[in-house]
file input-v1.txt (compact mmCIF, C-alpha atoms)
# COMPACT_ATOMS: atom_id res chain seq x y z
CA MET A 814 17.39 -24.04 -12.40
CA GLU A 815 14.67 -26.42 -11.21
CA ILE A 816 15.86 -25.89 -7.63
CA LEU A 817 14.99 -22.17 -7.87
CA GLY A 818 11.36 -23.03 -8.65
CA LEU A 819 10.48 -22.60 -4.99
CA PHE A 820 12.83 -19.69 -4.26
CA ASN A 821 10.01 -17.12 -3.97
CA TYR A 822 8.36 -19.21 -1.27
CA TRP A 823 11.60 -19.41 0.72
CA VAL A 824 11.95 -15.64 0.55
CA PHE A 825 8.32 -15.34 1.64
CA VAL A 826 9.03 -17.51 4.69
CA LEU A 827 12.22 -15.59 5.58
CA LEU A 828 10.50 -12.19 5.26
CA LEU A 829 7.50 -13.42 7.23
CA MET A 830 9.73 -14.55 10.09
CA THR A 831 11.85 -11.37 9.99
CA GLY A 832 8.68 -9.31 10.32
CA LEU A 833 7.26 -11.51 13.07
CA PHE A 834 10.55 -11.31 14.96
CA ALA A 835 10.37 -7.51 14.96
CA ILE A 836 6.75 -7.63 16.14
CA ILE A 837 7.29 -9.92 19.13
CA HIS A 838 10.87 -9.03 20.05
CA LYS A 839 11.18 -5.25 19.68
CA SER A 840 9.87 -2.91 22.35
CA ASN A 841 9.70 0.22 20.19
CA LEU A 842 6.20 0.66 18.75
CA ILE A 843 7.34 2.18 15.43
CA LYS A 844 9.77 -0.72 14.99
CA LYS A 845 6.92 -3.14 15.64
CA LEU A 846 4.87 -1.37 12.98
CA ILE A 847 7.71 -1.58 10.45
CA GLY A 848 7.94 -5.29 11.28
CA LEU A 849 4.22 -5.62 10.66
CA SER A 850 4.58 -4.00 7.24
CA ILE A 851 7.43 -6.40 6.34
CA PHE A 852 5.14 -9.26 7.40
CA GLN A 853 2.39 -7.79 5.23
CA SER A 854 4.75 -7.39 2.25
CA ALA A 855 5.73 -11.05 2.59
CA VAL A 856 2.08 -12.06 2.22
CA PHE A 857 1.76 -9.79 -0.83
CA LEU A 858 4.79 -11.49 -2.37
CA PHE A 859 3.28 -14.92 -1.70
CA TYR A 860 -0.03 -14.05 -3.36
CA VAL A 861 1.54 -12.41 -6.40
CA THR A 862 3.94 -15.34 -6.81
CA LEU A 863 0.87 -17.53 -7.32
CA ASP A 864 -0.30 -15.49 -10.32
CA LYS A 865 2.84 -16.15 -12.38
CA ILE A 866 2.49 -18.58 -15.25
CA ASP A 867 5.20 -19.77 -17.65
CA GLU A 868 5.43 -17.79 -20.90
CA GLY A 869 2.72 -15.51 -19.55
CA THR A 870 2.43 -11.74 -19.55
CA ALA A 871 0.51 -9.12 -17.56
CA PRO A 872 -3.28 -9.66 -17.88
CA ILE A 873 -3.90 -6.81 -20.32
CA ILE A 874 -5.56 -8.22 -23.43
CA ARG A 875 -4.54 -5.77 -26.16
CA ASP A 876 -5.44 -8.01 -29.07
CA THR A 877 -8.18 -10.64 -28.72
CA ASP A 878 -7.00 -12.36 -31.92
CA LEU A 879 -3.85 -13.60 -30.17
CA VAL A 880 -5.41 -16.84 -28.95
CA ASP A 881 -2.08 -18.46 -28.02
CA GLN A 882 -1.04 -15.66 -25.68
CA ILE A 883 -0.98 -16.77 -22.02
CA TYR A 884 -1.90 -14.22 -19.34
CA ALA A 885 -1.03 -14.17 -15.65
CA ASN A 886 -3.84 -14.86 -13.19
CA PRO A 887 -5.61 -11.53 -12.49
CA LEU A 888 -7.34 -12.58 -9.25
CA PRO A 889 -4.40 -12.47 -6.77
CA GLN A 890 -3.37 -9.17 -8.35
CA VAL A 891 -6.76 -7.59 -7.63
CA LEU A 892 -6.66 -8.82 -4.03
CA ILE A 893 -3.18 -7.45 -3.40
CA LEU A 894 -3.72 -4.18 -5.24
CA THR A 895 -6.52 -3.17 -2.88
CA ALA A 896 -4.71 -4.72 0.10
CA ILE A 897 -1.71 -2.41 -0.41
CA VAL A 898 -3.88 0.72 -0.32
CA VAL A 899 -5.90 -0.50 2.66
CA GLY A 900 -2.56 -1.42 4.29
CA ILE A 901 -1.25 2.15 4.10
CA ALA A 902 -4.54 3.52 5.49
CA THR A 903 -4.43 1.18 8.49
CA THR A 904 -0.68 1.82 8.99
CA ALA A 905 -1.43 5.55 9.09
CA LEU A 906 -4.09 4.90 11.74
CA ALA A 907 -1.56 2.93 13.79
CA LEU A 908 1.00 5.74 13.44
CA ALA A 909 -1.62 8.22 14.65
CA VAL A 910 -2.29 6.04 17.70
CA ILE A 911 1.48 5.88 18.37
CA VAL A 912 1.74 9.70 18.16
CA ARG A 913 -1.06 10.03 20.74
CA ILE A 914 0.64 7.40 22.96
CA LYS A 915 3.87 9.41 22.83
CA GLU A 916 1.96 12.54 23.86
CA GLU A 917 0.26 10.85 26.81
CA TYR A 918 3.05 8.57 28.05
CA GLY A 919 6.11 10.49 26.86
CA THR A 920 7.58 7.31 25.39
CA ILE A 921 6.96 4.82 22.61
CA GLU A 922 8.89 1.99 24.27
CA GLU A 923 6.56 -0.75 25.41
CA SER A 924 8.74 -1.73 28.38
CA GLU A 925 8.70 1.84 29.74
CA MET A 926 4.96 2.11 29.22
CA ARG A 927 4.43 -1.06 31.22
CA GLU A 928 6.50 0.36 34.08
CA LEU A 929 4.52 3.60 34.00
CA ASP A 930 1.27 1.66 34.13
CA ARG A 931 2.52 -0.35 37.10
CA TYR A 932 3.66 2.82 38.88
CA LEU A 933 0.32 4.58 38.33
CA SER A 934 -1.94 1.74 39.39
CA MET B 142 17.75 -14.03 -17.23
CA THR B 143 14.55 -12.97 -15.50
CA LEU B 144 15.04 -15.80 -13.04
CA VAL B 145 18.58 -14.65 -12.18
CA PHE B 146 17.43 -11.04 -11.82
CA GLY B 147 14.46 -12.07 -9.67
CA THR B 148 16.64 -14.25 -7.44
CA PHE B 149 19.07 -11.37 -6.95
CA LEU B 150 16.30 -8.89 -6.09
CA LEU B 151 14.64 -11.31 -3.66
CA SER B 152 17.96 -11.97 -1.88
CA MET B 153 18.46 -8.20 -1.60
CA MET B 154 15.00 -7.92 -0.05
CA VAL B 155 15.84 -10.44 2.66
CA LEU B 156 19.10 -8.60 3.44
CA VAL B 157 17.33 -5.22 3.58
CA ALA B 158 14.60 -6.66 5.84
CA ILE B 159 17.19 -8.03 8.28
CA ALA B 160 19.02 -4.67 8.20
CA ILE B 161 15.74 -2.86 9.00
CA VAL B 162 15.08 -5.07 12.02
CA ARG B 163 18.66 -4.74 13.33
CA GLU B 164 18.88 -0.96 12.84
CA HIS B 165 18.43 1.15 15.99
CA ASN B 166 18.14 4.51 14.28
CA LEU B 167 14.49 4.73 13.25
CA PHE B 168 15.19 7.30 10.53
CA VAL B 169 17.56 4.85 8.83
CA ALA B 170 15.02 2.04 9.31
CA VAL B 171 12.29 4.07 7.55
CA MET B 172 14.63 4.93 4.67
CA LEU B 173 15.58 1.26 4.33
CA SER B 174 11.91 0.32 4.21
CA ALA B 175 11.50 2.69 1.25
CA ILE B 176 14.28 0.75 -0.51
CA PHE B 177 12.54 -2.48 0.51
CA SER B 178 9.30 -1.28 -1.13
CA LEU B 179 11.12 -0.31 -4.33
CA LEU B 180 12.71 -3.77 -4.52
CA MET B 181 9.29 -5.28 -3.87
CA ALA B 182 7.76 -3.22 -6.68
CA THR B 183 10.43 -4.42 -9.13
CA ASN B 184 9.79 -8.01 -8.05
CA LEU B 185 6.05 -7.66 -8.51
CA PHE B 186 6.68 -6.34 -11.99
CA LEU B 187 8.84 -9.38 -12.79
CA LEU B 188 5.95 -11.56 -11.62
CA ASP B 189 3.71 -9.99 -14.34
CA ALA B 190 1.72 -7.93 -11.87
CA ALA B 191 2.07 -4.49 -13.47
CA ASP B 192 -0.90 -2.93 -11.64
CA VAL B 193 0.31 -4.12 -8.25
CA ALA B 194 3.88 -2.96 -8.96
CA LEU B 195 2.64 0.54 -9.79
CA THR B 196 0.62 0.63 -6.57
CA GLU B 197 3.51 -0.61 -4.43
CA ALA B 198 5.92 1.94 -5.95
CA ALA B 199 3.55 4.86 -5.38
CA ILE B 200 2.36 3.81 -1.92
CA GLY B 201 5.18 1.83 -0.36
CA ALA B 202 8.15 3.85 -1.52
CA GLY B 203 6.40 7.22 -1.69
CA ILE B 204 3.56 7.89 0.70
CA SER B 205 4.26 5.46 3.52
CA THR B 206 7.83 6.82 3.87
CA VAL B 207 6.54 10.38 4.16
CA LEU B 208 3.91 9.36 6.73
CA ALA B 209 6.42 7.37 8.78
CA LEU B 210 8.85 10.32 8.77
CA GLY B 211 5.99 12.60 9.84
CA ALA B 212 5.30 10.26 12.75
CA LEU B 213 9.02 10.07 13.64
CA ALA B 214 9.19 13.87 13.86
CA LEU B 215 6.42 13.69 16.49
CA THR B 216 7.81 10.75 18.47
CA ALA B 217 11.41 9.58 18.65
CA GLU B 218 14.39 9.38 16.31
CA ALA B 219 16.05 6.34 17.83
CA GLU B 220 15.00 3.10 19.39
CA GLN B 221 16.23 2.50 22.92
CA ARG B 222 18.59 -0.40 23.36
CA HIS B 223 17.26 -2.86 25.87
CA ARG B 224 17.64 -6.50 26.61
CA PRO B 225 14.21 -8.09 26.61
CA LYS B 226 13.44 -11.03 28.80
CA TYR B 227 12.78 -14.34 27.06
CA ARG B 228 15.06 -13.34 24.18
CA TRP B 229 16.03 -16.93 23.45
CA LEU B 230 12.44 -18.06 23.69
CA SER B 231 11.37 -15.72 20.88
CA ILE B 232 14.35 -16.74 18.75
CA ALA B 233 13.51 -20.41 19.34
CA ILE B 234 9.89 -19.84 18.28
CA MET B 235 11.10 -18.05 15.15
CA VAL B 236 13.43 -20.87 14.18
CA LEU B 237 10.78 -23.53 14.79
CA ALA B 238 8.19 -21.69 12.70
CA LEU B 239 10.81 -21.04 10.02
CA VAL B 240 11.68 -24.72 9.73
CA ALA B 241 8.00 -25.75 9.69
CA LEU B 242 7.11 -23.20 7.00
CA LEU B 243 10.16 -24.04 4.88
CA TYR B 244 9.23 -27.72 5.10
CA SER B 245 5.67 -26.92 3.98
CA THR B 246 6.86 -25.01 0.88
CA GLN B 247 7.91 -28.36 -0.61
CA ASP B 248 4.27 -29.07 -1.37
CA ASN B 249 3.73 -25.79 -3.23
CA PRO B 250 3.58 -25.89 -7.00
CA ARG B 251 6.71 -24.63 -8.76
CA ILE B 252 6.53 -20.93 -9.77
CA GLY B 253 4.88 -20.52 -13.15
CA ASP B 254 3.50 -24.06 -13.19
CA PRO B 255 0.48 -23.95 -15.56
CA GLU B 256 -1.00 -26.97 -13.74
CA ALA B 257 -1.10 -25.15 -10.37
CA PRO B 258 -4.56 -25.23 -8.72
CA VAL B 259 -4.78 -21.44 -8.71
CA HIS B 260 -4.86 -21.36 -12.52
CA GLN B 261 -7.66 -23.95 -12.79
CA HIS B 262 -10.62 -22.37 -11.04
CA VAL B 263 -12.33 -19.07 -11.99
CA ALA B 264 -9.29 -17.25 -13.38
CA PRO B 265 -9.60 -18.65 -16.94
CA TRP B 266 -13.27 -17.62 -16.93
CA TYR B 267 -12.35 -14.00 -16.10
CA LEU B 268 -9.68 -13.94 -18.83
CA GLU B 269 -12.14 -15.40 -21.35
CA GLN B 270 -15.21 -13.35 -20.49
CA THR B 271 -13.69 -9.90 -19.91
CA PRO B 272 -13.32 -9.11 -23.66
CA ILE B 273 -16.88 -10.35 -24.27
CA LEU B 274 -18.81 -8.93 -21.31
CA ILE B 275 -16.88 -5.74 -20.53
CA ASP B 276 -14.62 -5.23 -23.53
CA ILE B 277 -11.71 -3.48 -21.86
CA PRO B 278 -8.11 -4.71 -22.22
CA ASN B 279 -7.09 -4.61 -18.54
CA VAL B 280 -8.58 -7.69 -16.86
CA VAL B 281 -7.38 -6.54 -13.43
CA THR B 282 -9.47 -3.36 -13.70
CA ALA B 283 -12.44 -5.38 -14.96
CA VAL B 284 -12.32 -7.80 -12.01
CA LEU B 285 -11.65 -4.98 -9.54
CA GLY B 286 -14.38 -2.64 -10.74
CA SER B 287 -17.08 -4.82 -12.20
CA PHE B 288 -16.92 -8.54 -11.35
CA ARG B 289 -15.81 -7.85 -7.78
CA GLY B 290 -17.20 -4.33 -7.42
CA TYR B 291 -18.67 -5.15 -3.99
CA ASP B 292 -15.27 -5.96 -2.50
CA THR B 293 -13.71 -2.80 -3.89
CA PHE B 294 -16.56 -0.71 -2.47
CA GLY B 295 -15.81 -2.27 0.91
CA GLU B 296 -12.10 -1.44 0.57
CA VAL B 297 -12.88 2.18 -0.29
CA LEU B 298 -15.07 2.39 2.82
CA VAL B 299 -12.20 0.96 4.91
CA ILE B 300 -9.86 3.65 3.56
CA LEU B 301 -12.39 6.39 4.35
CA THR B 302 -12.89 4.98 7.87
CA ALA B 303 -9.12 4.89 8.48
CA GLY B 304 -8.86 8.49 7.26
CA ILE B 305 -11.64 9.62 9.62
CA GLY B 306 -9.91 7.78 12.46
CA VAL B 307 -6.57 9.49 11.83
CA LEU B 308 -8.21 12.93 11.59
CA PHE B 309 -10.03 12.47 14.90
CA LEU B 310 -7.00 11.04 16.70
CA LEU B 311 -4.60 13.74 15.55
CA SER B 312 -6.97 16.69 15.95
CA ALA B 313 -7.33 16.03 19.70
CA GLY B 314 -7.01 19.30 21.58
CA ARG B 315 -7.91 21.42 18.55
CA ASN B 316 -11.26 22.73 17.37
CA ASP B 317 -10.92 21.79 13.71
CA LEU B 318 -9.97 18.51 12.06
CA LEU B 319 -7.42 20.15 9.76
CA PRO B 320 -6.14 23.69 10.41
CA ASN B 321 -7.29 26.64 8.34
CA PRO B 322 -4.42 27.46 5.94
CA ARG B 323 -4.65 31.16 6.85
CA ARG B 324 -3.95 30.36 10.50
CA ILE B 325 -0.77 28.34 9.88
CA PRO B 326 2.31 30.41 10.69
CA ASP B 327 4.45 30.74 7.59
CA ASN B 328 7.61 29.44 9.26
CA THR B 329 7.21 25.71 8.78
CA ILE B 330 10.27 23.72 7.79
CA ARG B 331 10.73 23.54 4.05
CA LEU B 332 13.36 22.91 1.45
CA ARG B 333 13.60 26.43 0.08
CA GLN B 334 17.10 26.79 1.55
CA HIS B 335 18.22 23.70 -0.36
CA THR B 336 18.22 24.89 -3.95
CA ILE B 337 18.47 21.58 -5.82
CA PRO B 338 15.64 19.68 -4.06
CA HIS B 339 13.54 22.86 -4.14
CA VAL B 340 13.88 23.42 -7.90
CA ILE B 341 13.58 19.75 -8.85
CA GLY B 342 10.68 19.12 -6.49
CA LYS B 343 8.77 22.10 -7.83
CA LEU B 344 9.44 21.01 -11.41
CA LEU B 345 8.40 17.41 -10.79
CA ALA B 346 5.19 17.98 -8.80
CA PRO B 347 2.94 19.03 -11.75
CA PHE B 348 4.20 16.17 -13.89
CA ILE B 349 3.51 13.64 -11.13
CA ILE B 350 -0.05 14.97 -10.85
CA LEU B 351 -0.45 14.84 -14.64
CA PHE B 352 0.81 11.24 -14.68
CA GLY B 353 -1.68 10.49 -11.90
CA LEU B 354 -4.53 11.80 -14.05
CA TYR B 355 -3.28 9.71 -17.00
CA VAL B 356 -3.19 6.59 -14.81
CA GLN B 357 -6.71 7.43 -13.58
CA PHE B 358 -8.36 7.72 -16.99
CA HIS B 359 -6.23 5.16 -18.81
CA GLY B 360 -6.72 2.46 -16.17
CA GLU B 361 -9.06 0.44 -18.39
CA TYR B 362 -6.46 0.18 -21.14
CA GLY B 363 -3.12 -0.08 -19.32
CA PRO B 364 -1.87 -0.72 -15.81
CA GLY B 365 -3.51 1.72 -13.45
CA GLY B 366 -6.81 2.84 -12.03
CA GLY B 367 -8.23 4.84 -9.18
CA PHE B 368 -6.07 3.40 -6.39
CA GLN B 369 -2.76 4.09 -8.15
CA ALA B 370 -3.92 7.47 -9.48
CA GLY B 371 -5.08 8.59 -6.04
CA ALA B 372 -1.72 7.67 -4.53
CA LEU B 373 0.22 9.41 -7.32
CA ILE B 374 -1.81 12.64 -7.16
CA ALA B 375 -1.49 12.67 -3.38
CA ALA B 376 2.28 12.10 -3.72
CA GLY B 377 2.54 15.06 -6.14
CA VAL B 378 0.72 17.42 -3.79
CA ILE B 379 2.72 16.12 -0.79
CA LEU B 380 5.95 16.81 -2.71
CA TYR B 381 4.72 20.36 -3.33
CA GLY B 382 3.94 20.66 0.37
CA LEU B 383 7.38 19.40 1.39
CA VAL B 384 9.08 21.86 -0.95
CA GLU B 385 6.94 24.93 -0.37
CA GLY B 386 5.66 24.42 3.17
CA GLU B 387 2.34 23.51 4.75
CA ARG B 388 0.57 26.81 4.20
CA PRO B 389 0.71 27.08 0.38
CA SER B 390 0.01 23.35 0.12
CA LEU B 391 -3.16 23.55 2.25
CA ALA B 392 -4.18 26.76 0.45
CA LEU B 393 -3.86 24.88 -2.87
CA VAL B 394 -6.06 21.99 -1.71
CA PRO B 395 -8.07 23.40 1.22
CA PRO B 396 -9.45 21.13 3.99
CA ASN B 397 -13.05 21.42 2.82
CA LEU B 398 -12.04 20.20 -0.64
CA LEU B 399 -10.22 17.25 0.97
CA TYR B 400 -13.32 16.27 2.99
CA GLY B 401 -15.41 16.71 -0.17
CA LEU B 402 -13.09 14.47 -2.20
CA SER B 403 -12.98 11.75 0.46
CA LEU B 404 -16.73 11.60 1.00
CA GLY B 405 -17.71 12.47 -2.58
CA GLY B 406 -15.72 9.52 -3.94
CA VAL B 407 -17.53 7.03 -1.71
CA LEU B 408 -20.89 8.66 -2.50
CA LEU B 409 -20.14 8.54 -6.24
CA TYR B 410 -19.26 4.83 -6.01
CA GLY B 411 -22.34 4.01 -3.94
CA GLY B 412 -24.46 6.32 -6.11
CA VAL B 413 -23.55 4.34 -9.23
CA GLY B 414 -24.63 1.20 -7.37
CA ILE B 415 -27.97 2.75 -6.33
CA ALA B 416 -28.51 4.10 -9.85
CA SER B 417 -28.06 0.63 -11.32
CA MET B 418 -30.58 -0.69 -8.77
CA LEU B 419 -33.10 2.01 -9.70
CA LEU B 420 -32.68 1.09 -13.38
CA GLY B 421 -33.67 -2.48 -12.59
CA GLY B 422 -30.32 -4.25 -12.19
CA ASN B 423 -28.45 -5.51 -9.16
CA PHE B 424 -26.30 -3.26 -6.94
CA LEU B 425 -23.21 -2.24 -9.00
CA ASP B 426 -24.43 -4.04 -12.13
CA TYR B 427 -23.37 -1.43 -14.67
CA SER B 428 -24.90 -3.14 -17.71
CA VAL B 429 -28.24 -1.42 -17.13
CA LEU B 430 -26.79 2.11 -17.02
CA MET B 431 -26.95 2.47 -20.82
CA THR B 432 -29.07 0.76 -23.48
CA ASP B 433 -25.92 -1.04 -24.69
CA PRO B 434 -24.68 -3.26 -21.80
CA ILE B 435 -21.01 -2.89 -22.81
CA ALA B 436 -21.25 0.92 -22.98
CA GLY B 437 -22.94 0.75 -19.56
CA GLN B 438 -20.00 -1.25 -18.20
CA HIS B 439 -17.56 1.32 -19.60
CA TRP B 440 -19.42 4.23 -17.99
CA GLY B 441 -19.84 2.39 -14.72
CA LEU B 442 -16.14 1.53 -14.53
CA LEU B 443 -15.10 5.09 -15.41
CA LEU B 444 -17.35 6.53 -12.68
CA ILE B 445 -16.42 4.10 -9.91
CA GLU B 446 -12.70 4.42 -10.72
CA LEU B 447 -13.15 8.19 -10.44
CA GLY B 448 -14.82 7.67 -7.07
CA VAL B 449 -11.96 5.44 -5.89
CA GLY B 450 -9.39 7.99 -7.10
CA MET B 451 -11.17 10.87 -5.33
CA THR B 452 -11.42 9.02 -2.02
CA VAL B 453 -7.81 7.77 -2.08
CA THR B 454 -6.47 11.24 -2.95
CA GLY B 455 -8.60 12.94 -0.32
CA VAL B 456 -7.87 10.47 2.46
CA LEU B 457 -4.10 10.21 1.86
CA LEU B 458 -3.71 13.99 1.67
CA SER B 459 -5.85 14.50 4.80
CA ILE B 460 -3.72 11.96 6.67
CA TYR B 461 -0.51 13.71 5.57
CA HIS B 462 -1.81 17.14 6.63
CA ALA B 463 -3.06 15.74 9.94
CA PHE B 464 0.49 14.54 10.75
CA ALA B 465 2.06 17.78 9.49
CA ALA B 466 -0.33 19.96 11.50
CA ARG B 467 0.28 18.19 14.83
CA ASP B 468 2.39 20.37 17.05
CA PRO B 469 5.54 18.54 18.26
CA HIS B 470 5.79 19.31 21.97

call {"tool": "encode", "arguments": {"input": "input-v1.txt", "output": "structure tokens"}}
result
Amino acid sequence: MEILGLFNYWVFVLLLMTGLFAIIHKSNLIKKLIGLSIFQSAVFLFYVTLDKIDEGTAPIIRDTDLVDQIYANPLPQVLILTAIVVGIATTALALAVIVRIKEEYGTIEESEMRELDRYLS
Amino acid sequence: MTLVFGTFLLSMMVLVAIAIVREHNLFVAVMLSAIFSLLMATNLFLLDAADVALTEAAIGAGISTVLALGALALTAEAEQRHRPKYRWLSIAIMVLALVALLYSTQDNPRIGDPEAPVHQHVAPWYLEQTPILIDIPNVVTAVLGSFRGYDTFGEVLVILTAGIGVLFLLSAGRNDLLPNPRRIPDNTIRLRQHTIPHVIGKLLAPFIILFGLYVQFHGEYGPGGGFQAGALIAAGVILYGLVEGERPSLALVPPNLLYGLSLGGVLLYGGVGIASMLLGGNFLDYSVLMTDPIAGQHWGLLLIELGVGMTVTGVLLSIYHAFAARDPH
């Protein structure tokens, strides 16, 4: 089981690269955005993986007399908790921009937009 | 057992992520990303991050799916197949970065290693001092609201700014940011024709909102707080809107109330900070709010969590209505 001690990091790397692949390779803007959110989720997974501690539990101290109880690290959790909510707000902003792009260009494919730009200029 | 379960869930996540990237139907891709978020939430829970898991489940699987579907309805259902230039170049870059990153993970501490650097620095101090200085069980809420109150105030401002941005972008060509509920034609798409989703959705919505309020006011004692509560309450009202249509949903929570919630939450948060300055403390130092410093911390946390909850509810609902109100041409 020792070999699985780094498994979370491998998954983090694989998810990060899957997301990045969608961002640089896909032409559809919504697909790019989904790729960006996979990328973002990978970073969340990495941070939260750091908080885990053997024999630990969630950092909610119900009974201060339990001195032997080990708690997970609360700091990465706080960072990621707010990051998730800020992430959805910025994703919504990006979606709104994509909706306006569709209305002005008639497409959300980057390759077609580039052709339109070339044609217009 | 937990290790086996976690390994299984993480492998599923990689498979789902690859399926999302390969899928050409955007509707399917969005649905798969909801599954991805649910798997992520379960994983976060296994990693002892109960607060984060609750947030991811409410936001990732709930609200972001609805928003993405709203955007799909206004743009395109399917991705166009094309053969990009430099295809092999991007794959080569991916593989190179993958190998480099995988190589670098060797130096990371094993998961759960108590000797890892992250567990040595300030984290033990927070775990030790929270029962003494703030006296609430949930250390995550204590760090979020009190020790790192500045950061959280910044995050709330970011959310408000994003909400304002979406409202301005999507109200282009109209006179009002969100439409007056009385002027919405009562023929929007809804689930009334589908009996089972209609009945179940209507039954569930009040309980989701009630659970949101519980999470809001119980956040100091269990997993939860303003961010999760705001997302849950917004999800409940969005469910009502999906089932009953835009008009009753906007009549229930009118636009002016949404603006009031979004701005009032930030003002409440900042107001608590100013009040603590006027009483002789630092910005967002709640100890001076009451004669007993611990009671002051409790009141301060309750108020700023309420502010966070108000802003998150207001902004997420405004964003949803802004997408729903945009006329698909």

call {"tool": "closest_residue", "arguments": {"input": "input-v1.txt", "among": "A:Glu917, A:Glu922, A:Asp876, A:Asp881", "to": "Leu842 of chain A", "atoms": "all atoms listed in the file"}}
result
A:Glu922

call {"tool": "closest_residue", "arguments": {"input": "input-v1.txt", "among": "A:Leu929, A:Phe820, A:Tyr860, A:Phe825", "to": "Leu892 of chain A", "atoms": "only C-alpha atoms"}}
result
A:Tyr860

call {"tool": "atom_distance", "arguments": {"input": "input-v1.txt", "atom1": "atom CA of Ala370 of chain B", "atom2": "atom CA of Thr452 of chain B"}}
result
10.7 Å

call {"tool": "closest_atom_pairs", "arguments": {"input": "input-v1.txt", "of": "chain A", "to": "chain B", "cutoff": "6 Å", "atoms": "only C-alpha atoms", "output": "CSV"}}
result
residue,atom,partner,partner_atom,distance
A:Gly818,CA,B:Arg251,CA,4.9
A:Leu819,CA,B:Arg251,CA,5.7
A:Lys865,CA,B:Gly253,CA,4.9
A:Ile866,CA,B:Gly253,CA,3.7
A:Asp867,CA,B:Gly253,CA,4.6
A:Thr870,CA,B:Asp189,CA,5.6
A:Ala871,CA,B:Asp189,CA,4.6
A:Pro872,CA,B:Val280,CA,5.7
A:Ile873,CA,B:Asn279,CA,4.3
A:Ile874,CA,B:Pro278,CA,4.5
A:Arg875,CA,B:Pro278,CA,5.4
A:Asn886,CA,B:Ala264,CA,6.0
A:Pro887,CA,B:Val281,CA,5.4
A:Val891,CA,B:Leu285,CA,5.9
A:Leu894,CA,B:Val193,CA,5.0
A:Val899,CA,B:Ile300,CA,5.8
A:Ala902,CA,B:Ala303,CA,5.6
A:Thr903,CA,B:Ala303,CA,6.0
A:Leu906,CA,B:Val307,CA,5.2
A:Ala909,CA,B:Val307,CA,5.8

call {"tool": "closest_residue", "arguments": {"input": "input-v1.txt", "among": "B:Leu179, B:Leu345, B:Val356, B:Ala375", "to": "Leu458 of chain B", "atoms": "all atoms listed in the file"}}
result
B:Ala375

call {"tool": "closest_residue", "arguments": {"input": "input-v1.txt", "among": "B:Gly367, B:Gly203, B:Tyr291, B:Tyr410", "to": "Ile349 of chain B", "atoms": "all atoms listed in the file"}}
result
B:Gly203

call {"tool": "atom_distance", "arguments": {"input": "input-v1.txt", "atom1": "atom CA of Gly342 of chain B", "atom2": "atom CA of Gly366 of chain B"}}
result
24.5 Å

call {"tool": "axis_aligned_box", "arguments": {"input": "input-v1.txt", "around": "segment 888-900 of chain A", "padding_each_side": "6 Å", "output": "AutoDock Vina command-line options"}}
result
--center_x -4.5 --center_y -5.9 --center_z -2.5 --size_x 17.6 --size_y 25.3 --size_z 25.5

call {"tool": "atom_distance", "arguments": {"input": "input-v1.txt", "atom1": "atom CA of Ser312 of chain B", "atom2": "atom CA of Glu387 of chain B"}}
result
16.1 Å

call {"tool": "closest_residue", "arguments": {"input": "input-v1.txt", "among": "A:Pro889, A:Gly919, A:Gly869, A:Gly832", "to": "Gln853 of chain A", "atoms": "all atoms listed in the file"}}
result
A:Gly832

call {"tool": "residues_around", "arguments": {"input": "input-v1.txt", "residues": "Leu846 of chain A", "least_positions_apart": "3", "cutoff": "8 Å", "atoms": "only C-alpha atoms", "output": "MDAnalysis selection string"}}
result
chainID A and resid 836 842:843 849:850 904 907

call {"tool": "residues_around", "arguments": {"input": "input-v1.txt", "residues": "Ile350 of chain B", "least_positions_apart": "6", "cutoff": "9 Å", "atoms": "only C-alpha atoms", "output": "PyMOL selection string"}}
result
chain B and resi 370+373-378

call {"tool": "closest_residue", "arguments": {"input": "input-v1.txt", "among": "B:Ser417, B:Ser390, B:Asn397, B:Ser428", "to": "His462 of chain B", "atoms": "all atoms listed in the file"}}
result
B:Ser390
